[in-house]
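Q: Just one file: model_20.pdb, with PDB, C-alpha atoms.
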MODEL        1
ATOM      1  CA  MET A   1     -21.690  33.082  15.203
ATOM      2  CA  LEU A   2     -23.819  34.314  18.084
ATOM      3  CA  THR A   3     -23.896  38.050  18.608
ATOM      4  CA  SER A   4     -25.391  40.324  21.225
ATOM      5  CA  SER A   5     -28.558  40.572  19.163
ATOM      6  CA  ASN A   6     -29.177  36.866  19.758
ATOM      7  CA  LYS A   7     -29.255  37.332  23.517
ATOM      8  CA  ILE A   8     -32.320  37.976  25.681
ATOM      9  CA  ASN A   9     -30.418  37.823  28.952
ATOM     10  CA  LYS A  10     -26.958  36.562  29.805
ATOM     11  CA  ASN A  11     -28.122  32.965  30.088
ATOM     12  CA  ILE A  12     -30.397  32.544  27.049
ATOM     13  CA  TYR A  13     -29.257  31.936  23.470
ATOM     14  CA  PHE A  14     -30.910  31.044  20.223
ATOM     15  CA  LEU A  15     -29.188  28.759  17.745
ATOM     16  CA  SER A  16     -30.642  27.920  14.368
ATOM     17  CA  GLU A  17     -31.885  24.345  14.061
ATOM     18  CA  GLU A  18     -29.026  23.542  11.689
ATOM     19  CA  ARG A  19     -26.416  25.060  14.010
ATOM     20  CA  PHE A  20     -27.827  23.318  17.070
ATOM     21  CA  ASP A  21     -27.828  19.995  15.210
ATOM     22  CA  THR A  22     -24.173  20.519  14.239
ATOM     23  CA  LEU A  23     -23.227  21.405  17.821
ATOM     24  CA  SER A  24     -25.098  18.364  19.167
ATOM     25  CA  ARG A  25     -23.301  15.987  16.811
ATOM     26  CA  LEU A  26     -19.936  17.577  17.602
ATOM     27  CA  PHE A  27     -20.715  17.175  21.309
ATOM     28  CA  ILE A  28     -21.520  13.470  20.894
ATOM     29  CA  ASP A  29     -18.448  12.823  18.725
ATOM     30  CA  GLN A  30     -16.042  14.503  21.145
ATOM     31  CA  ILE A  31     -17.483  13.662  24.569
ATOM     32  CA  PHE A  32     -18.762  10.146  23.730
ATOM     33  CA  PRO A  33     -16.412   8.962  20.955
ATOM     34  CA  HIS A  34     -17.248   5.254  21.311
ATOM     35  CA  ILE A  35     -20.998   5.557  21.734
ATOM     36  CA  ASN A  36     -23.430   3.762  19.410
ATOM     37  CA  LYS A  37     -25.033   6.324  17.105
ATOM     38  CA  LEU A  38     -28.537   6.042  15.761
ATOM     39  CA  ASP A  39     -29.790   7.168  12.360
ATOM     40  CA  ASP A  40     -32.543   6.312   9.888
ATOM     41  CA  SER A  41     -30.997   2.897   9.279
ATOM     42  CA  ASN A  42     -31.147   1.630  12.879
ATOM     43  CA  SER A  43     -33.225   4.022  15.010
ATOM     44  CA  SER A  44     -36.539   2.230  14.433
ATOM     45  CA  SER A  45     -35.343  -0.830  16.361
ATOM     46  CA  PHE A  46     -34.240   1.147  19.420
ATOM     47  CA  ILE A  47     -36.569   1.466  22.396
ATOM     48  CA  LEU A  48     -36.489   5.298  22.457
ATOM     49  CA  ASN A  49     -36.300   8.092  19.915
ATOM     50  CA  ALA A  50     -32.638   8.936  20.499
ATOM     51  CA  LEU A  51     -29.397  10.052  18.853
ATOM     52  CA  ALA A  52     -26.991   7.650  20.564
ATOM     53  CA  TYR A  53     -26.638   5.157  23.398
ATOM     54  CA  ASN A  54     -24.315   2.842  25.306
ATOM     55  CA  GLU A  55     -24.716   0.602  28.341
ATOM     56  CA  SER A  56     -24.693   3.580  30.698
ATOM     57  CA  CYS A  57     -26.537   6.391  28.931
ATOM     58  CA  ILE A  58     -29.014   7.369  26.240
ATOM     59  CA  ILE A  59     -28.649  10.706  24.441
ATOM     60  CA  SER A  60     -31.713  12.328  22.902
ATOM     61  CA  SER A  61     -32.447  15.689  21.344
ATOM     62  CA  PRO A  62     -36.198  16.282  21.586
ATOM     63  CA  LEU A  63     -37.555  19.256  19.653
ATOM     64  CA  SER A  64     -39.599  20.427  22.629
ATOM     65  CA  PRO A  65     -41.365  23.798  22.184
ATOM     66  CA  ASN A  66     -41.563  24.346  25.956
ATOM     67  CA  ILE A  67     -40.638  22.863  29.317
ATOM     68  CA  ALA A  68     -44.017  21.155  29.729
ATOM     69  CA  ALA A  69     -43.499  19.230  26.488
ATOM     70  CA  LEU A  70     -39.965  18.300  27.531
ATOM     71  CA  THR A  71     -41.223  17.066  30.916
ATOM     72  CA  LYS A  72     -43.859  14.928  29.232
ATOM     73  CA  ARG A  73     -41.223  13.445  26.917
ATOM     74  CA  ILE A  74     -38.802  12.602  29.756
ATOM     75  CA  ASN A  75     -41.492  11.020  31.923
ATOM     76  CA  SER A  76     -42.627   8.969  28.938
ATOM     77  CA  ASP A  77     -39.058   7.787  28.292
ATOM     78  CA  ILE A  78     -38.612   6.709  31.912
ATOM     79  CA  LYS A  79     -41.905   4.830  31.821
ATOM     80  CA  THR A  80     -40.802   3.030  28.643
ATOM     81  CA  LEU A  81     -37.395   2.126  30.080
ATOM     82  CA  GLN A  82     -38.969   0.539  33.137
ATOM     83  CA  LYS A  83     -39.820  -2.375  30.857
ATOM     84  CA  VAL A  84     -36.112  -3.037  30.231
ATOM     85  CA  HIS A  85     -34.161  -5.342  32.582
ATOM     86  CA  TYR A  86     -30.837  -3.444  32.578
ATOM     87  CA  PRO A  87     -31.481   0.045  31.209
ATOM     88  CA  PRO A  88     -28.850   2.818  31.168
ATOM     89  CA  ILE A  89     -29.008   5.003  34.273
ATOM     90  CA  PHE A  90     -28.136   8.340  32.618
ATOM     91  CA  LEU A  91     -30.724   9.978  30.379
ATOM     92  CA  ILE A  92     -29.069  12.890  28.583
ATOM     93  CA  TYR A  93     -31.196  15.411  26.702
ATOM     94  CA  LEU A  94     -29.671  18.009  24.392
ATOM     95  CA  VAL A  95     -31.936  21.051  24.207
ATOM     96  CA  SER A  96     -31.908  24.669  23.149
ATOM     97  CA  GLY A  97     -30.852  27.079  25.894
ATOM     98  CA  SER A  98     -33.904  29.203  25.152
ATOM     99  CA  LEU A  99     -36.066  26.823  27.217
ATOM    100  CA  PHE A 100     -34.431  27.928  30.479
ATOM    101  CA  GLU A 101     -33.946  31.467  31.781
ATOM    102  CA  LYS A 102     -31.321  30.677  34.440
ATOM    103  CA  ARG A 103     -28.613  28.090  34.917
ATOM    104  CA  GLU A 104     -30.063  26.963  38.227
ATOM    105  CA  ASP A 105     -33.382  26.281  36.481
ATOM    106  CA  ILE A 106     -31.753  23.416  34.603
ATOM    107  CA  TYR A 107     -30.130  22.009  37.755
ATOM    108  CA  ASN A 108     -33.425  22.099  39.662
ATOM    109  CA  TYR A 109     -35.269  20.624  36.692
ATOM    110  CA  ASN A 110     -32.824  17.721  36.411
ATOM    111  CA  ALA A 111     -33.189  16.945  40.108
ATOM    112  CA  SER A 112     -36.979  16.999  39.945
ATOM    113  CA  LEU A 113     -37.086  14.624  36.946
ATOM    114  CA  SER A 114     -34.442  12.173  38.224
ATOM    115  CA  LYS A 115     -36.298   9.273  39.805
ATOM    116  CA  ASN A 116     -36.606   5.484  39.863
ATOM    117  CA  SER A 117     -32.799   5.153  39.677
ATOM    118  CA  TYR A 118     -32.600   7.263  36.510
ATOM    119  CA  GLN A 119     -30.358  10.325  36.418
ATOM    120  CA  VAL A 120     -31.731  12.992  34.071
ATOM    121  CA  MET A 121     -29.124  15.378  32.682
ATOM    122  CA  ILE A 122     -30.140  18.332  30.506
ATOM    123  CA  HIS A 123     -27.368  19.791  28.351
ATOM    124  CA  ASP A 124     -28.269  23.012  26.568
ATOM    125  CA  ASP A 125     -25.899  24.665  24.069
ATOM    126  CA  TRP A 126     -24.198  26.517  26.961
ATOM    127  CA  ALA A 127     -23.386  23.228  28.730
ATOM    128  CA  MET A 128     -22.284  21.513  25.515
ATOM    129  CA  ASP A 129     -19.934  24.412  24.769
ATOM    130  CA  GLU A 130     -18.520  24.210  28.286
ATOM    131  CA  LEU A 131     -17.755  20.490  28.065
ATOM    132  CA  LEU A 132     -16.228  20.854  24.610
ATOM    133  CA  ILE A 133     -13.957  23.633  25.854
ATOM    134  CA  ARG A 134     -12.830  21.567  28.832
ATOM    135  CA  CYS A 135     -12.433  18.238  27.033
ATOM    136  CA  ALA A 136     -11.893  18.768  23.308
ATOM    137  CA  LYS A 137      -8.226  19.294  22.419
ATOM    138  CA  HIS A 138      -8.567  19.395  18.642
ATOM    139  CA  PRO A 139      -7.861  22.996  17.489
ATOM    140  CA  PRO A 140     -10.085  22.983  14.352
ATOM    141  CA  PHE A 141     -13.222  22.382  16.426
ATOM    142  CA  GLN A 142     -12.507  25.294  18.748
ATOM    143  CA  LYS A 143     -11.726  27.523  15.782
ATOM    144  CA  ALA A 144     -14.865  26.496  13.927
ATOM    145  CA  PHE A 145     -17.186  27.372  16.789
ATOM    146  CA  ASP A 146     -14.977  29.903  18.575
ATOM    147  CA  LEU A 147     -16.079  28.135  21.745
ATOM    148  CA  GLN A 148     -13.403  29.523  24.027
ATOM    149  CA  SER A 149     -13.992  33.185  23.179
ATOM    150  CA  ARG A 150     -17.782  32.780  23.285
ATOM    151  CA  TYR A 151     -17.628  31.128  26.675
ATOM    152  CA  GLU A 152     -15.048  33.388  28.289
ATOM    153  CA  THR A 153     -16.959  36.539  27.405
ATOM    154  CA  LEU A 154     -19.877  35.401  29.546
ATOM    155  CA  TYR A 155     -18.738  32.883  32.141
ATOM    156  CA  ASP A 156     -15.669  31.703  33.977
ATOM    157  CA  VAL A 157     -14.693  28.143  33.115
ATOM    158  CA  PRO A 158     -15.828  26.113  36.166
ATOM    159  CA  ARG A 159     -12.913  25.287  38.427
ATOM    160  CA  ILE A 160     -13.273  23.556  41.696
ATOM    161  CA  GLU A 161     -12.538  25.464  44.865
ATOM    162  CA  GLN A 162     -11.509  24.313  48.317
ATOM    163  CA  ASN A 163     -14.881  25.218  49.780
ATOM    164  CA  VAL A 164     -16.576  22.875  47.281
ATOM    165  CA  ILE A 165     -14.257  20.029  48.305
ATOM    166  CA  GLU A 166     -14.967  20.847  51.925
ATOM    167  CA  GLU A 167     -18.722  20.869  51.401
ATOM    168  CA  ILE A 168     -18.547  17.353  49.969
ATOM    169  CA  PHE A 169     -16.508  16.261  52.972
ATOM    170  CA  SER A 170     -18.344  18.662  55.357
ATOM    171  CA  TYR A 171     -15.227  20.792  55.585
ATOM    172  CA  ILE A 172     -14.544  24.500  56.150
ATOM    173  CA  HIS A 173     -13.038  26.948  53.667
ATOM    174  CA  SER A 174      -9.266  27.197  53.202
ATOM    175  CA  ASP A 175      -7.128  29.530  51.090
ATOM    176  CA  LYS A 176      -4.311  27.009  50.736
ATOM    177  CA  LYS A 177      -5.327  26.330  47.130
ATOM    178  CA  ASN A 178      -3.559  29.448  45.875
ATOM    179  CA  LYS A 179      -0.174  28.075  47.019
ATOM    180  CA  ILE A 180      -0.390  24.719  45.244
ATOM    181  CA  LYS A 181       2.154  23.970  42.523
ATOM    182  CA  ILE A 182       0.638  21.959  39.693
ATOM    183  CA  PRO A 183       3.135  19.488  38.141
ATOM    184  CA  PRO A 184       2.850  19.096  34.338
ATOM    185  CA  PHE A 185       0.453  16.323  33.403
ATOM    186  CA  GLU A 186       2.754  14.850  30.744
ATOM    187  CA  LYS A 187       5.473  14.099  33.333
ATOM    188  CA  LYS A 188       3.046  12.318  35.625
ATOM    189  CA  TYR A 189       1.360  10.485  32.755
ATOM    190  CA  LEU A 190       4.357   8.191  32.314
ATOM    191  CA  LYS A 191       3.493   6.549  35.650
ATOM    192  CA  LEU A 192      -0.244   6.603  34.989
ATOM    193  CA  LYS A 193       0.133   4.972  31.577
ATOM    194  CA  LEU A 194       0.751   1.471  32.961
ATOM    195  CA  LYS A 195      -2.186   1.778  35.348
ATOM    196  CA  ILE A 196      -4.506   2.868  32.536
ATOM    197  CA  GLU A 197      -3.346  -0.049  30.385
ATOM    198  CA  ARG A 198      -4.073  -2.520  33.216
ATOM    199  CA  ASN A 199      -7.548  -1.131  33.854
ATOM    200  CA  PHE A 200      -8.998  -0.347  30.430
ATOM    201  CA  LYS A 201      -9.393  -1.868  27.009
ATOM    202  CA  ALA A 202      -7.159  -0.385  24.310
ATOM    203  CA  ASP A 203     -10.111   1.462  22.754
ATOM    204  CA  PHE A 204     -10.411   3.545  25.922
ATOM    205  CA  TYR A 205      -6.726   4.430  26.521
ATOM    206  CA  ASN A 206      -6.921   7.809  24.813
ATOM    207  CA  ASP A 207     -10.285   8.648  26.398
ATOM    208  CA  VAL A 208      -8.895   8.065  29.901
ATOM    209  CA  LYS A 209      -5.776  10.097  29.120
ATOM    210  CA  ILE A 210      -7.943  13.005  27.926
ATOM    211  CA  LEU A 211     -10.131  12.656  31.041
ATOM    212  CA  PHE A 212      -7.109  12.875  33.357
ATOM    213  CA  ASN A 213      -5.578  15.733  31.374
ATOM    214  CA  ALA A 214      -8.814  17.760  31.426
ATOM    215  CA  ASN A 215      -9.201  17.245  35.182
ATOM    216  CA  TRP A 216      -5.508  17.280  36.135
ATOM    217  CA  THR A 217      -5.429  20.642  37.929
ATOM    218  CA  ASN A 218      -8.549  19.748  39.900
ATOM    219  CA  LYS A 219      -7.109  16.341  40.799
ATOM    220  CA  VAL A 220      -3.907  17.908  42.142
ATOM    221  CA  ILE A 221      -5.918  20.407  44.225
ATOM    222  CA  VAL A 222      -7.910  17.518  45.729
ATOM    223  CA  GLU A 223      -4.735  15.492  46.324
ATOM    224  CA  ASP A 224      -3.043  18.392  48.113
ATOM    225  CA  PHE A 225      -6.094  19.039  50.264
ATOM    226  CA  ILE A 226      -6.480  15.389  51.277
ATOM    227  CA  LYS A 227      -2.798  14.989  52.142
ATOM    228  CA  LEU A 228      -2.819  18.139  54.290
ATOM    229  CA  ASN A 229      -6.084  17.302  56.048
ATOM    230  CA  PHE A 230      -6.117  13.501  56.161
ATOM    231  CA  HIS A 231      -5.862  13.086  59.937
ATOM    232  CA  ARG A 232      -8.222  15.971  60.568
ATOM    233  CA  TYR A 233     -10.968  14.513  58.379
ATOM    234  CA  GLU A 234     -10.064  10.833  58.398
ATOM    235  CA  SER A 235     -13.584   9.681  59.263
ATOM    236  CA  GLN A 236     -15.189  11.636  56.398
ATOM    237  CA  LEU A 237     -12.533  10.428  53.951
ATOM    238  CA  TYR A 238     -13.135   6.783  54.873
ATOM    239  CA  THR A 239     -16.878   7.323  54.422
ATOM    240  CA  VAL A 240     -16.396   8.844  50.958
ATOM    241  CA  LEU A 241     -14.018   6.052  49.950
ATOM    242  CA  ASP A 242     -16.497   3.435  51.191
ATOM    243  CA  LEU A 243     -19.237   4.989  49.036
ATOM    244  CA  VAL A 244     -17.013   4.876  45.958
ATOM    245  CA  ARG A 245     -15.751   1.343  46.611
ATOM    246  CA  ASN A 246     -19.165  -0.103  47.432
ATOM    247  CA  HIS A 247     -20.618   1.293  44.214
ATOM    248  CA  PHE A 248     -17.657  -0.030  42.221
ATOM    249  CA  LEU A 249     -18.159  -3.472  43.754
ATOM    250  CA  SER A 250     -21.786  -3.463  42.620
ATOM    251  CA  VAL A 251     -21.304  -2.718  38.901
ATOM    252  CA  LYS A 252     -22.159  -5.751  36.799
ATOM    253  CA  GLU A 253     -18.780  -5.829  34.983
ATOM    254  CA  ASN A 254     -17.018  -6.274  38.348
ATOM    255  CA  PHE A 255     -18.189  -9.879  38.499
ATOM    256  CA  LYS A 256     -15.676 -10.767  41.241
ATOM    257  CA  GLY A 257     -17.016  -8.032  43.529
ATOM    258  CA  VAL A 258     -13.548  -6.860  44.609
ATOM    259  CA  SER A 259     -11.939  -3.410  44.671
ATOM    260  CA  ASP A 260      -8.794  -4.688  42.886
ATOM    261  CA  PHE A 261     -10.604  -5.188  39.578
ATOM    262  CA  PRO A 262     -10.122  -3.445  36.202
ATOM    263  CA  VAL A 263     -12.350  -0.379  35.803
ATOM    264  CA  ASN A 264     -12.812  -1.297  32.106
ATOM    265  CA  ASN A 265     -14.945   1.690  31.088
ATOM    266  CA  PRO A 266     -14.229   5.364  31.937
ATOM    267  CA  VAL A 267     -17.974   5.999  32.259
ATOM    268  CA  TYR A 268     -17.660   4.520  35.754
ATOM    269  CA  PHE A 269     -15.656   7.567  36.832
ATOM    270  CA  GLU A 270     -18.784   9.624  36.106
ATOM    271  CA  MET A 271     -21.030   7.154  37.912
ATOM    272  CA  LEU A 272     -18.784   6.957  40.985
ATOM    273  CA  ALA A 273     -18.594  10.760  41.154
ATOM    274  CA  GLN A 274     -22.390  10.880  41.348
ATOM    275  CA  THR A 275     -22.414   8.652  44.444
ATOM    276  CA  ILE A 276     -20.592  11.198  46.639
ATOM    277  CA  LEU A 277     -22.605  14.290  45.711
ATOM    278  CA  PRO A 278     -25.578  15.722  47.598
ATOM    279  CA  PRO A 279     -28.822  15.237  45.592
ATOM    280  CA  ASP A 280     -29.177  18.958  44.868
ATOM    281  CA  LYS A 281     -25.592  19.229  43.540
ATOM    282  CA  LYS A 282     -25.443  16.262  41.163
ATOM    283  CA  VAL A 283     -25.615  18.386  38.012
ATOM    284  CA  GLU A 284     -23.891  21.566  39.210
ATOM    285  CA  PRO A 285     -20.630  21.888  37.212
ATOM    286  CA  ARG A 286     -18.288  22.893  40.072
ATOM    287  CA  TYR A 287     -19.464  20.026  42.269
ATOM    288  CA  LEU A 288     -19.326  17.528  39.422
ATOM    289  CA  ALA A 289     -15.748  18.607  38.655
ATOM    290  CA  THR A 290     -14.784  18.255  42.314
ATOM    291  CA  ALA A 291     -16.364  14.828  42.735
ATOM    292  CA  LYS A 292     -14.727  13.580  39.543
ATOM    293  CA  ALA A 293     -11.331  14.844  40.750
ATOM    294  CA  ILE A 294     -11.805  12.968  44.043
ATOM    295  CA  VAL A 295     -12.627   9.738  42.194
ATOM    296  CA  LEU A 296      -9.604  10.149  39.889
ATOM    297  CA  PHE A 297      -7.417  10.659  42.965
ATOM    298  CA  PHE A 298      -8.734   7.438  44.546
ATOM    299  CA  PHE A 299      -8.096   5.591  41.277
ATOM    300  CA  GLU A 300      -4.532   6.926  40.915
ATOM    301  CA  TYR A 301      -3.730   5.918  44.504
ATOM    302  CA  CYS A 302      -5.226   2.494  43.805
ATOM    303  CA  ASP A 303      -8.042   2.707  46.345
ATOM    304  CA  PHE A 304     -10.068   0.958  43.638
ATOM    305  CA  GLY A 305      -9.180  -0.534  40.244
ATOM    306  CA  ARG A 306      -6.452  -2.987  39.203
ATOM    307  CA  LYS A 307      -3.168  -2.279  40.999
ATOM    308  CA  THR A 308       0.302  -1.945  39.441
ATOM    309  CA  THR A 309       3.770  -2.054  40.968
ATOM    310  CA  ASP A 310       4.240   1.675  40.259
ATOM    311  CA  ASP A 311       1.138   2.835  42.148
ATOM    312  CA  PRO A 312       1.717   5.420  44.894
ATOM    313  CA  LEU A 313       0.917   4.078  48.344
ATOM    314  CA  SER A 314      -2.655   4.781  49.371
ATOM    315  CA  LEU A 315      -3.004   7.248  52.220
ATOM    316  CA  PHE A 316      -5.432   4.774  53.789
ATOM    317  CA  ASN A 317      -2.617   2.224  54.119
ATOM    318  CA  LYS A 318      -0.143   4.564  55.781
TER     319      LYS A 318
ENDMDL
END
Translate this file's structure into structure tokens.
A:
Amino acid sequence: MLTSSNKINKNIYFLSEERFDTLSRLFIDQIFPHINKLDDSNSSSFILNALAYNESCIISSPLSPNIAALTKRINSDIKTLQKVHYPPIFLIYLVSGSLFEKREDIYNYNASLSKNSYQVMIHDDWAMDELLIRCAKHPPFQKAFDLQSRYETLYDVPRIEQNVIEEIFSYIHSDKKNKIKIPPFEKKYLKLKLKIERNFKADFYNDVKILFNANWTNKVIVEDFIKLNFHRYESQLYTVLDLVRNHFLSVKENFKGVSDFPVNNPVYFEMLAQTILPPDKKVEPRYLATAKAIVLFFFEYCDFGRKTTDDPLSLFNK
């Protein structure tokens, strides 16, 4: 367990190599349950030195002694991937938090390294803990790492705020968020279940349910804001929806190039969220959570994805 003696400042931690390896594998298992994992038996045939991969991302854990070495490694990976016809667009690197003194250092670093259509995403142990807390629902994992208590003693769990929604839409701040009533997810899930089944393969049903559950409060906040402000910000909303739809039409699995097409893989929610964020906010947790909630709202209201008879009527059709 980490104690105060392990801490240099409030943002830097040291984990033993064994503990960091355990946390990294737990992170991959919980956040990317269907990803292809690499080990001694199959890693030699893969194009990069990595832990896991799928069609959208590659996850690596370089033992970089400093930021310069990490930069060299990432640039080398991007150069190697340029030889591949359809490489993954997300390059995820799991590193020790001791490489970075401040949270914003990681965000700025990611932005500076993201180029040539590749999105670099650094996850240190702080970020892995955060995602596990927000997404993992299995009690033994939280007990084993005491993730919730460790996190809450130092940071607030990122929750989207109205001013973040407004910045994405070029809006102004509103205090209406404090008056929103959040309906229980389980009651609403009965209607979402059919839509999920029509849009995803059976292997992904549980993943999408967990994704909606983890982001449910944020999605309701976005939904309430959009309904209250639709006519005021109609132009911005149409622009955001166009960005999401146009990107969805361009993914290779959507071979018909239509908005009424099964989403198939929940990774597209992450990709679509990236399309509506300013470049300097693409890896900032509050903005990522907000953008993802907006995309989930569009999906629920059938502004993209395969429709069902139980879908609520899109605000854009009213």
Q: I want to know what sits within 12 Å of region 201-211 of chain A, based on all atoms listed in the file, with residues of the same chain fewer than 4 positions away left out; could you give that as a PyMOL selection string?
A: chain A and resi 29-35+131-132+134-138+185-186+188-197+215-219+262-270+289+292-293+295-296+299-300
Q: In terms of the shortest atom-to-atom distance over only C-alpha atoms, which of A:Leu70, A:Ile122, A:Ile47, A:Ala127 is closest to Phe27 (chain A)?
A: A:Ala127
Q: Which residue gives the smallest distance to Ile67 (chain A) among A:Phe248, A:Phe100, A:Tyr301, A:Phe46, with all atoms listed in the file counted?
A: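 Among A:Phe248, A:Phe100, A:Tyr301, A:Phe46, it is A:Phe100 that comes nearest to Ile67 (chain A).
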Q: Evaluate the PyMOL selection byres ((chain A and resi 119) around 7) against this structure - the residues, as a JSON list (two decimals) with C-alpha atoms, in the frame of the given file, please.
A:
[["chain", "number", "residue", "atom", "x", "y", "z"],
["A", 89, "ILE", "CA", -29.01, 5.00, 34.27],
["A", 90, "PHE", "CA", -28.14, 8.34, 32.62],
["A", 91, "LEU", "CA", -30.72, 9.98, 30.38],
["A", 114, "SER", "CA", -34.44, 12.17, 38.22],
["A", 115, "LYS", "CA", -36.30, 9.27, 39.80],
["A", 117, "SER", "CA", -32.80, 5.15, 39.68],
["A", 118, "TYR", "CA", -32.60, 7.26, 36.51],
["A", 120, "VAL", "CA", -31.73, 12.99, 34.07],
["A", 121, "MET", "CA", -29.12, 15.38, 32.68]]
Q: Rounded to one decimal in Å, what is the spacing between CA of Ser112 (chain A) and CA of Lys281 (chain A)?
A: 12.1 Å
